[in-house]
Amino acid sequence: MPNRYYEKDGDLARLQGKTIAIIGYGSQGHAHAMNLRDSGLNSIVGLYKGSKSWKKAEAAGLKVMSVAKAAKAADVIMILLPDHVQSDVYEAEIAPALTGKKQKTLMFAHGFNIHFKFIKAPANVDVTMIAPKAPGHRVRELYTEGVGVPCLVAVHQDASGGALLDALAYGKALGCLKAGCIETSFREETESDLFGEQAVLCGGTAELIRAGFTTLVEAGYAPEIAYFECLHELKLIVDLIYEGGLSYMRYSVSDTAEWGDYISGPRIITEETRKEMKKILAEIQSGEFAKKWMAENRKGGRKKFLGMRKKQETQPIETIGKELRQMMPFLKKKKEAGIPQA
């Protein structure tokens, strides 16, 4: 059973007086920068010149500078950029700041670039991870409520001898130790995260929704009805599972639905499906997926990726969904916040 850490295990004094550079100001970046600042630590933000987030960060009362300057000024550098751009930014603007005698820490919220060796840190640098298990807006929201979200902690390289303690201090400042922090490794976090996204959370779920919708529509049922049954109501089920697990979901739905769960679920997720899941995991473990994804961004110009995105955005389920969501005023708050509804 992995170690678990809580508030008593984190000591903010380890990071007080140090400068923590948050590289990137997206979903996670803004939450990390503000939570650390509100916990009494010196957090600054590193962005590329011309970034639309520059003024947003300054408006939040944060000190903003170029990535290179932020990395040079920092004792701790937390990289919160998209996976496919991290290594390029690291080589060009962060690595030069790690060559001096000053003891520094390189941090991540996802192990992709370290585990697959797209980023190789100098031997004299601590390399750690604090990975909140929630989107950035939720990390910030629960921090302000005095609660916090659970997180994962990992140490890839302990040059100072205190890498874990420093990471836990960071996790405490972020608010995560109030909920609890589970120890893992860069390998375990990266491979399990990629598998979960591809086989279940994004790839598996999206394909299951589309398949169910298409089956009903091709059988003559109205697209509107198919949308409600195969997509809209999914949130109701997921919320029940999120709150109390599969058993609570089954307790909460009708006996008819529970019976259908037991007899039909195994006909959808078959032995063939499980074999394919194992193949997907093997491709992740071998680094094949990571190499293909990085090649798509570096050599492919993202043409295949953007083409698939465009194709999916025009699927019938997306078209009818956009229309039906106009009937749901409770979604307008999200629309106004800039979350795409199409």
# chains A, B, ... in the order shown; residues from 1 in each chain; ligands from 1
$ select_by_dssp --residues "stretch 33-241 of chain A" --states "alpha helix (DSSP H)" --output "ChimeraX atom specification"
/A:33-38,53-59,67-73,83-89,112-115,136-144,163-174,186-195,203-218,223-227,234-241
$ residues_around --residues "stretch 273-286 of chain A" --least-positions-apart "6" --cutoff "7 Å" --atoms "only C-alpha atoms" --output "list of chain:residue names"
A:Glu191, A:Phe195, A:Ala199
$ closest_residue --among "A:Ile114, A:Leu106, A:Ala173, A:Met1" --to "A:His32" --atoms "only C-alpha atoms"
A:Ala173
$ residues_around --residues "A:Ala92" --least-positions-apart "6" --cutoff "12 Å" --atoms "only C-alpha atoms" --output "MDAnalysis selection string"
chainID A and resid 48 66:69 71 85:86 98 119
$ atom_distance --atom1 "atom CA of A:Tyr221" --atom2 "atom CA of A:Pro329"
25.5 Å
$ residues_around --residues "stretch 231-247 of chain A" --least-positions-apart "4" --cutoff "10 Å" --atoms "only C-alpha atoms" --output "ChimeraX atom specification"
/A:205-206,208-210,212-213,225-227,251-253,258,317,321,324-325
$ residues_around --residues "stretch 144-152 of chain A" --least-positions-apart "3" --cutoff "6 Å" --atoms "only C-alpha atoms" --output "ChimeraX atom specification"
/A:130-133,141,175-176,178-183
$ write_last_selection --atoms "N, CA and C atoms" --output "mmCIF file, in the first residue's frame"
data_model
loop_
_atom_site.group_PDB
_atom_site.id
_atom_site.type_symbol
_atom_site.label_atom_id
_atom_site.label_comp_id
_atom_site.auth_asym_id
_atom_site.auth_seq_id
_atom_site.Cartn_x
_atom_site.Cartn_y
_atom_site.Cartn_z
ATOM 1 N N ILE A 130 4.058 16.951 -8.014
ATOM 2 C CA ILE A 130 2.814 17.086 -7.260
ATOM 3 C C ILE A 130 1.719 17.169 -8.307
ATOM 4 N N ALA A 131 0.864 16.157 -8.327
ATOM 5 C CA ALA A 131 -0.183 16.071 -9.353
ATOM 6 C C ALA A 131 -1.555 16.091 -8.711
ATOM 7 N N PRO A 132 -2.216 17.263 -8.678
ATOM 8 C CA PRO A 132 -3.580 17.336 -8.134
ATOM 9 C C PRO A 132 -4.527 16.502 -8.989
ATOM 10 N N LYS A 133 -5.439 15.784 -8.357
ATOM 11 C CA LYS A 133 -6.378 14.949 -9.100
ATOM 12 C C LYS A 133 -7.688 15.696 -9.331
ATOM 13 N N GLU A 141 -10.749 26.518 -6.453
ATOM 14 C CA GLU A 141 -12.044 26.661 -5.792
ATOM 15 C C GLU A 141 -12.047 26.022 -4.403
ATOM 16 N N GLY A 175 -2.746 23.204 -1.025
ATOM 17 C CA GLY A 175 -3.990 22.850 -0.353
ATOM 18 C C GLY A 175 -4.311 21.371 -0.415
ATOM 19 N N CYS A 176 -3.466 20.601 -1.095
ATOM 20 C CA CYS A 176 -3.776 19.197 -1.348
ATOM 21 C C CYS A 176 -3.615 18.295 -0.127
ATOM 22 N N LYS A 178 -4.601 18.718 2.732
ATOM 23 C CA LYS A 178 -5.820 18.690 3.541
ATOM 24 C C LYS A 178 -6.683 17.496 3.149
ATOM 25 N N ALA A 179 -6.629 17.141 1.888
ATOM 26 C CA ALA A 179 -7.387 15.982 1.410
ATOM 27 C C ALA A 179 -6.546 14.716 1.506
ATOM 28 N N GLY A 180 -5.244 14.861 1.272
ATOM 29 C CA GLY A 180 -4.351 13.710 1.331
ATOM 30 C C GLY A 180 -3.548 13.569 0.056
ATOM 31 N N CYS A 181 -2.329 13.082 0.199
ATOM 32 C CA CYS A 181 -1.409 12.941 -0.924
ATOM 33 C C CYS A 181 -0.870 11.510 -0.947
ATOM 34 N N ILE A 182 -1.002 10.837 -2.067
ATOM 35 C CA ILE A 182 -0.588 9.445 -2.206
ATOM 36 C C ILE A 182 0.736 9.376 -2.961
ATOM 37 N N GLU A 183 1.685 8.622 -2.418
ATOM 38 C CA GLU A 183 3.001 8.515 -3.050
ATOM 39 C C GLU A 183 2.965 7.537 -4.221
#
$ atom_distance --atom1 "atom CA of A:Asn42" --atom2 "atom CA of A:Arg4"
26.6 Å
$ select_by_dssp --residues "stretch 26-213 of chain A" --states "strand (DSSP E)" --output "count of residues only"
35
$ residues_around --residues "stretch 14-28 of chain A" --least-positions-apart "3" --cutoff "8 Å" --atoms "only C-alpha atoms" --output "PyMOL selection string"
chain A and resi 11+31-33+40-47+53+57+67+70-71+73-81+135-137+139+165-166+169-170
$ atom_distance --atom1 "atom CA of A:Asp38" --atom2 "atom CA of A:Ala13"
14.5 Å
